[in-house]
>>> print(open('start-v6.txt').read())   # compact mmCIF, C-alpha atoms
# COMPACT_ATOMS: atom_id res chain seq x y z
CA MET J 139 -20.93 63.30 -145.87
CA ARG J 140 -22.31 63.72 -142.41
CA PRO J 141 -25.25 66.10 -142.16
CA THR J 142 -24.82 68.91 -139.65
CA LEU J 143 -26.31 68.05 -136.30
CA VAL J 144 -29.39 70.06 -135.57
CA ASN J 145 -29.36 69.54 -131.84
CA GLN J 146 -25.99 70.97 -130.82
CA LEU J 147 -25.46 71.80 -127.19
CA ARG J 148 -25.23 75.31 -125.95
CA ILE J 149 -23.27 75.50 -122.72
CA LEU J 150 -23.57 78.24 -120.13
CA VAL J 151 -20.83 78.69 -117.54
CA PRO J 152 -21.57 81.14 -114.72
CA VAL J 153 -18.45 82.55 -113.07
CA LYS J 154 -17.87 84.72 -110.05
CA ARG J 155 -15.23 87.26 -109.16
CA CYS J 156 -14.05 86.51 -105.62
CA VAL J 157 -11.25 87.56 -103.34
CA ASP J 158 -8.15 85.71 -104.54
CA TYR J 159 -7.54 82.39 -102.82
CA ALA J 160 -4.07 83.37 -101.58
CA VAL J 161 -5.18 86.57 -99.85
CA LYS J 162 -5.46 86.61 -96.07
CA ILE J 163 -8.99 87.76 -95.28
CA ARG J 164 -9.32 90.69 -92.90
CA VAL J 165 -12.39 92.30 -91.41
CA ASN J 166 -12.84 95.83 -92.69
CA PRO J 167 -12.60 98.82 -90.29
CA GLN J 168 -16.37 99.40 -90.27
CA GLN J 169 -16.90 95.79 -89.13
CA THR J 170 -19.57 95.29 -91.76
CA GLY J 171 -17.77 92.75 -93.85
CA ILE J 172 -14.40 91.75 -95.14
CA ASP J 173 -11.77 94.04 -96.61
CA THR J 174 -12.34 93.97 -100.35
CA THR J 175 -9.51 96.30 -101.39
CA VAL J 176 -7.42 93.24 -102.12
CA LYS J 177 -6.63 91.15 -105.15
CA HIS J 178 -9.64 89.51 -106.79
CA SER J 179 -9.76 86.71 -109.31
CA MET J 180 -12.10 84.09 -110.71
CA ASN J 181 -13.44 81.57 -108.26
CA PRO J 182 -11.17 78.49 -108.64
CA PHE J 183 -14.13 76.13 -108.97
CA ASP J 184 -15.46 78.29 -111.79
CA GLU J 185 -12.07 78.05 -113.50
CA ILE J 186 -12.49 74.31 -113.37
CA ALA J 187 -15.99 74.68 -114.85
CA VAL J 188 -14.76 76.83 -117.74
CA GLU J 189 -11.93 74.40 -118.38
CA GLU J 190 -14.32 71.48 -118.48
CA ALA J 191 -16.61 73.25 -120.94
CA VAL J 192 -13.65 73.99 -123.21
CA ARG J 193 -12.37 70.43 -122.96
CA LEU J 194 -15.82 69.04 -123.68
CA ARG J 195 -15.75 71.00 -126.88
CA GLU J 196 -12.24 69.83 -127.70
CA ARG J 197 -13.37 66.25 -127.23
CA ASN J 198 -16.68 66.50 -129.12
CA LYS J 199 -16.29 69.34 -131.60
CA ALA J 200 -19.48 68.48 -133.44
CA SER J 201 -21.74 68.35 -130.41
CA ILE J 202 -21.04 71.70 -128.82
CA GLN J 203 -22.43 74.76 -130.51
CA SER J 204 -21.30 77.52 -128.18
CA ILE J 205 -19.89 78.24 -124.75
CA GLN J 206 -21.21 81.32 -123.05
CA VAL J 207 -20.01 82.70 -119.73
CA VAL J 208 -22.06 84.92 -117.48
CA THR J 209 -21.32 86.81 -114.31
CA ILE J 210 -23.41 88.90 -111.93
CA GLY J 211 -21.48 91.68 -110.27
CA PRO J 212 -20.03 95.17 -110.32
CA PRO J 213 -18.30 96.58 -113.43
CA LYS J 214 -14.94 95.12 -112.37
CA SER J 215 -16.35 91.64 -112.86
CA SER J 216 -15.83 92.04 -116.59
CA GLU J 217 -12.15 91.22 -115.98
CA THR J 218 -13.27 87.77 -114.90
CA LEU J 219 -15.30 87.47 -118.09
CA ARG J 220 -12.25 88.44 -120.17
CA THR J 221 -10.23 85.72 -118.47
CA ALA J 222 -12.92 83.17 -119.21
CA LEU J 223 -13.08 84.32 -122.83
CA ALA J 224 -9.30 83.98 -123.02
CA MET J 225 -9.61 80.41 -121.73
CA GLY J 226 -11.84 79.50 -124.64
CA ALA J 227 -15.40 80.72 -124.15
CA ASP J 228 -17.11 82.28 -127.16
CA SER J 229 -19.16 85.10 -125.71
CA ALA J 230 -20.06 86.59 -122.39
CA ILE J 231 -22.95 88.21 -120.58
CA HIS J 232 -22.37 90.66 -117.76
CA VAL J 233 -25.33 91.33 -115.48
CA GLU J 234 -24.17 94.55 -113.87
CA THR J 235 -24.93 95.35 -110.29
CA ALA J 236 -24.09 98.65 -108.68
CA GLU J 237 -20.50 99.51 -107.87
CA GLY J 238 -19.84 99.45 -104.14
CA ALA J 239 -22.47 96.81 -103.62
CA GLU J 240 -19.62 94.42 -103.08
CA GLN J 241 -20.53 94.13 -99.47
CA GLN J 242 -23.90 92.88 -100.54
CA MET J 243 -23.08 90.17 -103.02
CA PRO J 244 -26.01 88.65 -104.87
CA GLU J 245 -27.28 85.66 -102.98
CA PRO J 246 -27.63 82.24 -104.58
CA LEU J 247 -31.39 82.53 -105.05
CA GLY J 248 -31.05 85.84 -106.87
CA VAL J 249 -28.23 84.51 -109.00
CA ALA J 250 -30.21 81.43 -109.92
CA LYS J 251 -33.25 83.50 -110.87
CA ALA J 252 -31.13 85.64 -113.17
CA LEU J 253 -29.41 82.73 -114.87
CA ARG J 254 -32.19 81.52 -117.14
CA ALA J 255 -31.04 81.64 -120.70
CA ALA J 256 -31.54 79.48 -123.78
CA VAL J 257 -29.04 76.77 -123.01
CA ASP J 258 -28.83 73.00 -122.83
CA LEU J 259 -26.14 72.51 -120.26
CA VAL J 260 -24.98 74.67 -117.37
CA ILE J 261 -21.55 73.91 -115.91
CA MET J 262 -20.61 75.81 -112.79
CA GLY J 263 -18.26 75.58 -109.85
CA LYS J 264 -19.73 73.88 -106.82
CA GLN J 265 -19.23 76.88 -104.54
CA ALA J 266 -17.50 80.24 -104.36
CA ILE J 267 -14.52 80.49 -102.06
CA ASP J 268 -15.74 83.72 -100.49
CA ASP J 269 -19.14 82.67 -99.21
CA ASP J 270 -18.90 78.86 -99.62
CA ALA J 271 -22.67 78.76 -100.06
CA CYS J 272 -22.75 75.76 -102.44
CA GLN J 273 -26.38 76.55 -103.28
CA THR J 274 -26.62 78.32 -106.62
CA GLY J 275 -26.40 75.24 -108.81
CA GLN J 276 -28.95 73.31 -106.82
CA VAL J 277 -31.34 76.26 -106.56
CA LEU J 278 -31.07 76.86 -110.30
CA ALA J 279 -31.93 73.24 -111.01
CA GLY J 280 -34.97 73.53 -108.78
CA LEU J 281 -36.16 76.77 -110.37
CA LEU J 282 -35.77 75.42 -113.89
CA GLY J 283 -36.99 71.93 -113.14
CA TRP J 284 -33.85 70.46 -114.73
CA GLY J 285 -31.80 67.53 -113.55
CA GLN J 286 -28.59 68.22 -111.68
CA ALA J 287 -25.28 66.46 -111.20
CA THR J 288 -23.32 68.14 -108.44
CA PHE J 289 -19.70 67.67 -107.29
CA ALA J 290 -18.82 66.30 -110.67
CA SER J 291 -15.34 65.08 -111.41
CA ARG J 292 -15.89 63.78 -114.93
CA VAL J 293 -18.47 64.54 -117.61
CA VAL J 294 -19.11 62.52 -120.77
CA VAL J 295 -21.71 63.59 -123.30
CA SER J 296 -23.69 60.70 -124.75
CA GLU J 297 -23.67 59.85 -128.45
CA ASP J 298 -27.13 61.22 -129.11
CA GLU J 299 -26.53 64.34 -127.02
CA LYS J 300 -29.65 63.62 -125.04
CA SER J 301 -27.88 62.89 -121.76
CA VAL J 302 -24.60 63.21 -119.93
CA SER J 303 -22.89 60.64 -117.79
CA VAL J 304 -21.31 62.22 -114.73
CA LEU J 305 -18.93 60.84 -112.13
CA ARG J 306 -19.84 62.45 -108.81
CA GLU J 307 -17.86 62.83 -105.60
CA VAL J 308 -19.91 61.48 -102.71
CA ASP J 309 -19.16 60.61 -99.11
CA GLY J 310 -17.13 57.48 -99.25
CA GLY J 311 -16.16 57.52 -102.90
CA ALA J 312 -17.70 58.26 -106.25
CA GLU J 313 -20.90 57.43 -108.09
CA GLU J 314 -21.69 57.55 -111.76
CA ILE J 315 -25.06 58.86 -112.84
CA ARG J 316 -26.73 59.58 -116.14
CA VAL J 317 -28.63 62.86 -116.39
CA ARG J 318 -30.97 63.79 -119.20
CA LEU J 319 -30.29 67.13 -120.85
CA PRO J 320 -30.93 69.98 -120.21
CA ALA J 321 -29.09 69.75 -116.91
CA ILE J 322 -26.94 71.57 -114.38
CA ILE J 323 -23.47 70.32 -113.50
CA THR J 324 -21.38 71.69 -110.67
CA THR J 325 -17.68 70.87 -110.72
CA ASP J 326 -15.68 69.71 -107.74
CA LEU J 327 -11.98 69.91 -107.06
CA ARG J 328 -11.18 66.41 -108.24
CA TYR J 329 -11.65 67.65 -111.79
CA VAL J 330 -8.10 68.90 -111.60
CA PHE J 331 -6.95 65.34 -111.95
CA PHE J 332 -8.60 65.11 -115.32
CA SER J 333 -8.32 68.65 -116.59
CA LYS J 334 -6.10 71.25 -114.95
CA PRO J 335 -7.49 74.73 -115.67
CA ARG J 336 -5.37 76.44 -118.28
CA TYR J 337 -3.61 79.74 -117.70
CA ALA J 338 -5.00 82.54 -119.87
CA SER J 339 -1.89 83.31 -121.92
CA LEU J 340 -1.22 86.74 -123.36
CA PRO J 341 -2.04 85.87 -127.01
CA ASN J 342 -5.38 84.41 -125.89
CA ILE J 343 -6.12 87.50 -123.82
CA MET J 344 -5.48 89.64 -126.89
CA LYS J 345 -7.79 87.47 -128.96
CA ALA J 346 -10.43 87.60 -126.24
CA LYS J 347 -10.64 91.37 -126.52
CA LYS J 348 -12.52 90.91 -129.78
CA LYS J 349 -15.10 88.53 -128.31
CA PRO J 350 -18.42 90.12 -127.39
CA ILE J 351 -19.55 90.91 -123.88
CA GLU J 352 -23.24 91.66 -123.59
CA LYS J 353 -24.26 93.93 -120.73
CA LEU J 354 -27.54 93.49 -118.94
CA THR J 355 -29.08 94.80 -115.76
CA PRO J 356 -31.04 92.84 -113.19
CA GLN J 357 -34.05 95.05 -113.98
CA GLU J 358 -34.03 93.90 -117.61
CA LEU J 359 -34.19 90.33 -116.39
CA SER J 360 -36.98 91.21 -113.93
CA VAL J 361 -34.97 89.87 -111.05
CA ASP J 362 -34.74 91.46 -107.63
CA LEU J 363 -31.24 90.98 -106.29
CA THR J 364 -31.64 92.75 -102.96
CA PRO J 365 -30.36 90.39 -100.30
CA SER J 366 -32.76 88.84 -97.88
CA PHE J 367 -30.06 88.86 -95.22
CA GLN J 368 -28.62 91.92 -93.59
CA VAL J 369 -25.14 91.69 -92.16
CA LEU J 370 -25.17 93.29 -88.75
CA LYS J 371 -21.58 92.89 -87.75
CA VAL J 372 -18.45 91.06 -88.78
CA ALA J 373 -15.64 90.61 -86.30
CA GLU J 374 -12.49 88.55 -86.10
CA PRO J 375 -12.57 85.55 -83.79
CA PRO J 376 -11.05 86.22 -80.34
CA VAL J 377 -7.34 85.63 -80.05
CA ARG J 378 -6.59 82.14 -78.92
CA LYS J 379 -5.43 82.02 -75.36
CA GLY J 380 -2.91 79.43 -74.42
CA GLY J 381 -4.04 76.36 -72.57
CA SER J 382 -2.59 75.17 -69.28
CA LYS J 383 -1.68 71.78 -67.99
CA VAL J 384 -3.30 70.48 -64.80
CA ALA J 385 -1.51 68.18 -62.35
CA ASN J 386 -4.41 65.95 -61.37
CA VAL J 387 -8.15 65.48 -61.49
CA ASP J 388 -8.85 67.65 -58.40
CA GLU J 389 -7.10 70.59 -59.97
CA LEU J 390 -9.09 70.06 -63.15
CA VAL J 391 -12.36 70.03 -61.21
CA SER J 392 -11.47 73.18 -59.27
CA LYS J 393 -10.46 74.98 -62.46
CA LEU J 394 -13.72 73.97 -64.11
CA LYS J 395 -15.66 75.26 -61.09
CA GLU J 396 -13.79 78.56 -61.34
CA ALA J 397 -14.69 78.84 -64.99
CA GLY J 398 -18.36 78.43 -64.14
CA PHE J 399 -19.06 74.84 -65.02
CA ALA J 400 -20.67 73.35 -61.93
CA MET M 123 16.17 86.21 -139.56
CA ASN M 124 17.41 88.19 -136.61
CA SER M 125 14.13 90.07 -136.55
CA ARG M 126 12.29 86.77 -136.12
CA TYR M 127 14.30 86.02 -133.00
CA ARG M 128 13.84 89.57 -131.84
CA LEU M 129 10.08 89.28 -132.10
CA GLN M 130 10.15 85.93 -130.35
CA ALA M 131 12.27 87.33 -127.53
CA ILE M 132 10.00 90.34 -127.10
CA ARG M 133 6.90 88.16 -127.06
CA LEU M 134 8.52 85.85 -124.49
CA TYR M 135 9.47 88.81 -122.32
CA LYS M 136 5.95 90.21 -122.41
CA GLU M 137 4.44 86.84 -121.49
CA LEU M 138 6.87 86.25 -118.64
CA HIS M 139 6.33 89.77 -117.36
CA ARG M 140 2.58 89.26 -117.23
CA ILE M 141 2.94 85.84 -115.62
CA GLY M 142 5.31 87.33 -113.03
CA ARG M 143 2.59 89.64 -111.76
CA ASP M 144 0.93 86.74 -109.95
CA TYR M 145 4.06 85.39 -108.29
CA PRO M 146 3.05 84.22 -104.80
CA ASP M 147 6.20 85.23 -102.91
CA PRO M 148 6.45 89.04 -102.68
CA ALA M 149 10.08 88.82 -101.59
CA TYR M 150 11.13 87.17 -104.86
CA ASP M 151 12.11 89.82 -107.39
CA PHE M 152 10.63 88.14 -110.47
CA HIS M 153 10.63 91.19 -112.73
CA GLY M 154 14.14 92.19 -111.71
CA LYS M 155 15.50 88.71 -112.38
CA LEU M 156 13.61 88.57 -115.68
CA ARG M 157 15.15 91.84 -116.83
CA ARG M 158 18.67 90.84 -115.77
CA LEU M 159 18.45 87.46 -117.49
CA PHE M 160 17.30 89.04 -120.72
CA GLU M 161 19.92 91.76 -120.58
CA ARG M 162 22.66 89.23 -120.00
CA ASN M 163 21.78 87.60 -123.31
CA ARG M 164 21.25 90.68 -125.40
CA HIS M 165 24.51 90.34 -127.33
CA LEU M 166 23.93 86.81 -128.65
CA THR M 167 24.36 86.29 -132.36
CA GLU M 168 24.86 82.52 -132.77
CA LYS M 169 21.65 80.83 -133.91
CA ASN M 170 22.15 77.88 -131.53
CA GLU M 171 22.76 80.09 -128.54
CA ILE M 172 19.72 82.22 -129.26
CA GLU M 173 17.50 79.21 -129.64
CA ARG M 174 18.83 77.67 -126.46
CA ALA M 175 18.17 80.90 -124.54
CA LEU M 176 14.62 81.10 -125.92
CA ALA M 177 14.02 77.45 -125.00
CA LEU M 178 15.20 78.19 -121.47
CA GLY M 179 12.78 81.09 -121.32
CA GLU M 180 9.91 78.85 -122.43
CA HIS M 181 10.94 76.29 -119.83
CA ILE M 182 10.89 78.91 -117.07
CA LYS M 183 7.47 80.01 -118.27
CA ASN M 184 6.11 76.44 -118.04
CA GLU M 185 7.70 75.90 -114.64
CA THR M 186 6.18 79.09 -113.26
CA LEU M 187 2.73 78.20 -114.58
CA ALA M 188 3.07 74.75 -113.02
CA LEU M 189 4.03 76.40 -109.74
CA TYR M 190 0.92 78.57 -109.79
CA SER M 191 -1.51 75.78 -110.55
CA LEU M 192 0.08 73.40 -108.02
CA LYS M 193 -0.01 76.03 -105.31
CA LYS M 194 -3.67 76.77 -106.01
CA TYR M 195 -4.61 73.10 -106.13
CA ARG M 196 -2.75 72.29 -102.90
CA HIS M 197 -4.41 75.21 -101.13
CA LEU M 198 -7.88 74.24 -102.31
CA ARG M 199 -7.31 70.63 -101.36
CA ARG M 200 -6.18 71.61 -97.90
CA ILE M 201 -9.20 73.83 -97.33
CA TYR M 202 -11.88 71.73 -98.96
CA LYS M 203 -10.75 68.18 -98.41
CA ASP M 204 -12.92 66.38 -95.89
>>> encode(input="start-v6.txt", output="structure tokens")
Amino acid sequence: MRPTLVNQLRILVPVKRCVDYAVKIRVNPQQTGIDTTVKHSMNPFDEIAVEEAVRLRERNKASIQSIQVVTIGPPKSSETLRTALAMGADSAIHVETAEGAEQQMPEPLGVAKALRAAVDLVIMGKQAIDDDACQTGQVLAGLLGWGQATFASRVVVSEDEKSVSVLREVDGGAEEIRVRLPAIITTDLRYVFFSKPRYASLPNIMKAKKKPIEKLTPQELSVDLTPSFQVLKVAEPPVRKGGSKVANVDELVSKLKEAGFA
Amino acid sequence: MNSRYRLQAIRLYKELHRIGRDYPDPAYDFHGKLRRLFERNRHLTEKNEIERALALGEHIKNETLALYSLKKYRHLRRIYKD
């Protein structure tokens, strides 16, 4: 009989509640940000990350001990956690920020500082579709001193669970690297070829209601999440004016002179 | 035996109703169509007919889920493909 493995992997999957991908973004009336009274859902790249964590466990049942999801946001972000739990995560942590602070979302550095838990592998989406920062994973790896494999499209855990082999999307193709654990992995879109994120079906949502969600505050984690940027103004781009055709080069030159280009 | 089918039908209706909340086209009356389709079949008693109707419901559920994930993937690919 096989002895139980002592070194099982604990996976952490950070997720973010963003404006839904299908919503047309509008600037809010105060011109301080975007209109957030619209439909929100889990960042699609984070869905891919959760799906990959669940599939990793389906592939290597013995190696994975637990999958934990974490989010940093207002109270409504717990819906995102419930969805992740319904997709297959075991437990969740909710680092609550103040309600109404949606216009000041935690920045990647703050998020990375808060995300230090006892885990072996962190799988996250490469970027959020609302700010497209693409920084949190890399910053977290730097703060922890762990290896990172970003823009991953396939992850294979090694036999001895000491390393993972990751296929990365790079300019001009793909590269395969081996990263020693503990490590950070950020998932790219191409994952969908290998593992389409599952829909959280109603029975799973019901089951997820029993799974635990731990609530924390940034103060408990000794992290300061006040943004280092201040948004002064947000405005829509100017309406595109139609172009005009010119008959010849002279007309082009005269029109350019009129517009102020000498 | 009938109660088993009843429970299955109710569960299918609840799942389809919840899935229909995310339908991308606001002009498409998903919930209305769902209700009408179920009501049209309420009188069925033949085992084969009931099972065929339930299988059709499952098929529609899978098709709708495929629609959602395809739409999301195509959108993401359009925005993020370099």
>>> axis_aligned_box(input="start-v6.txt", around="segment 153-165 of chain J", padding_each_side="4 Å", output="JSON")
{"center_x": -11.3, "center_y": 87.3, "center_z": -102.2, "size_x": 22.4, "size_y": 17.9, "size_z": 29.7}
>>> interface_residues(input="start-v6.txt", of="chain J", to="chain M", cutoff="12 Å", atoms="all atoms listed in the file", output="JSON, numbers by chain")
{"J": [158, 159, 160, 161, 177, 178, 179, 181, 182, 183, 185, 186, 264, 265, 266, 267, 270, 307, 308, 309, 310, 311, 326, 327, 328, 329, 330, 331, 333, 334, 335, 336, 337, 338, 339, 340, 341, 342, 343, 344]}
>>> atom_distance(input="start-v6.txt", atom1="atom CA of Cys272 of chain J", atom2="atom CA of Thr324 of chain J")
9.3 Å
>>> residues_around(input="start-v6.txt", residues="segment 154-169 of chain M", least_positions_apart="2", cutoff="10 Å", atoms="all atoms listed in the file", output="PDB file with C-alpha atoms, in the coordinates of the input")
ATOM      1  CA  MET M 123      16.170  86.210-139.560  1.00  0.00           C
ATOM      2  CA  ASN M 124      17.410  88.190-136.610  1.00  0.00           C
ATOM      3  CA  TYR M 127      14.300  86.020-133.000  1.00  0.00           C
ATOM      4  CA  ARG M 128      13.840  89.570-131.840  1.00  0.00           C
ATOM      5  CA  ALA M 131      12.270  87.330-127.530  1.00  0.00           C
ATOM      6  CA  ILE M 132      10.000  90.340-127.100  1.00  0.00           C
ATOM      7  CA  TYR M 135       9.470  88.810-122.320  1.00  0.00           C
ATOM      8  CA  LEU M 138       6.870  86.250-118.640  1.00  0.00           C
ATOM      9  CA  HIS M 139       6.330  89.770-117.360  1.00  0.00           C
ATOM     10  CA  GLY M 142       5.310  87.330-113.030  1.00  0.00           C
ATOM     11  CA  TYR M 150      11.130  87.170-104.860  1.00  0.00           C
ATOM     12  CA  ASP M 151      12.110  89.820-107.390  1.00  0.00           C
ATOM     13  CA  PHE M 152      10.630  88.140-110.470  1.00  0.00           C
ATOM     14  CA  GLU M 171      22.760  80.090-128.540  1.00  0.00           C
ATOM     15  CA  ILE M 172      19.720  82.220-129.260  1.00  0.00           C
ATOM     16  CA  GLU M 173      17.500  79.210-129.640  1.00  0.00           C
ATOM     17  CA  ARG M 174      18.830  77.670-126.460  1.00  0.00           C
ATOM     18  CA  ALA M 175      18.170  80.900-124.540  1.00  0.00           C
ATOM     19  CA  LEU M 176      14.620  81.100-125.920  1.00  0.00           C
ATOM     20  CA  GLY M 179      12.780  81.090-121.320  1.00  0.00           C
TER      21      GLY M 179
END
>>> residues_near_point(input="start-v6.txt", point="(-25.3, 74.0, -125.6)", cutoff="10 Å", atoms="all atoms listed in the file", output="PDB file with C-alpha atoms, in the frame of the given file")
ATOM      1  CA  ASN J 145     -29.360  69.540-131.840  1.00  0.00           C
ATOM      2  CA  GLN J 146     -25.990  70.970-130.820  1.00  0.00           C
ATOM      3  CA  LEU J 147     -25.460  71.800-127.190  1.00  0.00           C
ATOM      4  CA  ARG J 148     -25.230  75.310-125.950  1.00  0.00           C
ATOM      5  CA  ILE J 149     -23.270  75.500-122.720  1.00  0.00           C
ATOM      6  CA  LEU J 150     -23.570  78.240-120.130  1.00  0.00           C
ATOM      7  CA  ALA J 191     -16.610  73.250-120.940  1.00  0.00           C
ATOM      8  CA  SER J 201     -21.740  68.350-130.410  1.00  0.00           C
ATOM      9  CA  ILE J 202     -21.040  71.700-128.820  1.00  0.00           C
ATOM     10  CA  GLN J 203     -22.430  74.760-130.510  1.00  0.00           C
ATOM     11  CA  SER J 204     -21.300  77.520-128.180  1.00  0.00           C
ATOM     12  CA  ILE J 205     -19.890  78.240-124.750  1.00  0.00           C
ATOM     13  CA  GLN J 206     -21.210  81.320-123.050  1.00  0.00           C
ATOM     14  CA  ALA J 256     -31.540  79.480-123.780  1.00  0.00           C
ATOM     15  CA  VAL J 257     -29.040  76.770-123.010  1.00  0.00           C
ATOM     16  CA  ASP J 258     -28.830  73.000-122.830  1.00  0.00           C
ATOM     17  CA  LEU J 259     -26.140  72.510-120.260  1.00  0.00           C
ATOM     18  CA  VAL J 260     -24.980  74.670-117.370  1.00  0.00           C
ATOM     19  CA  GLU J 299     -26.530  64.340-127.020  1.00  0.00           C
ATOM     20  CA  LEU J 319     -30.290  67.130-120.850  1.00  0.00           C
ATOM     21  CA  PRO J 320     -30.930  69.980-120.210  1.00  0.00           C
TER      22      PRO J 320
END
>>> closest_residue(input="start-v6.txt", among="J:Asp298, J:Asp228, J:Glu217, J:Asp173", to="Val188 of chain J", atoms="only C-alpha atoms")
J:Asp228
>>> closest_residue(input="start-v6.txt", among="J:Ala236, J:Val295, J:Met180, J:Val387", to="Pro213 of chain J", atoms="all atoms listed in the file")
J:Ala236
>>> atom_distance(input="start-v6.txt", atom1="atom CA of Gly263 of chain J", atom2="atom CA of Thr235 of chain J")
20.9 Å
>>> atom_distance(input="start-v6.txt", atom1="atom CA of Pro376 of chain J", atom2="atom CA of Val176 of chain J")
23.2 Å
>>> closest_residue(input="start-v6.txt", among="J:Gly283, J:Gly275, J:Pro152, J:Gly171", to="Thr218 of chain J", atoms="only C-alpha atoms")
J:Pro152
>>> closest_residue(input="start-v6.txt", among="J:Lys345, J:Gly381, J:Gly280, J:Pro246", to="Met225 of chain J", atoms="only C-alpha atoms")
J:Lys345
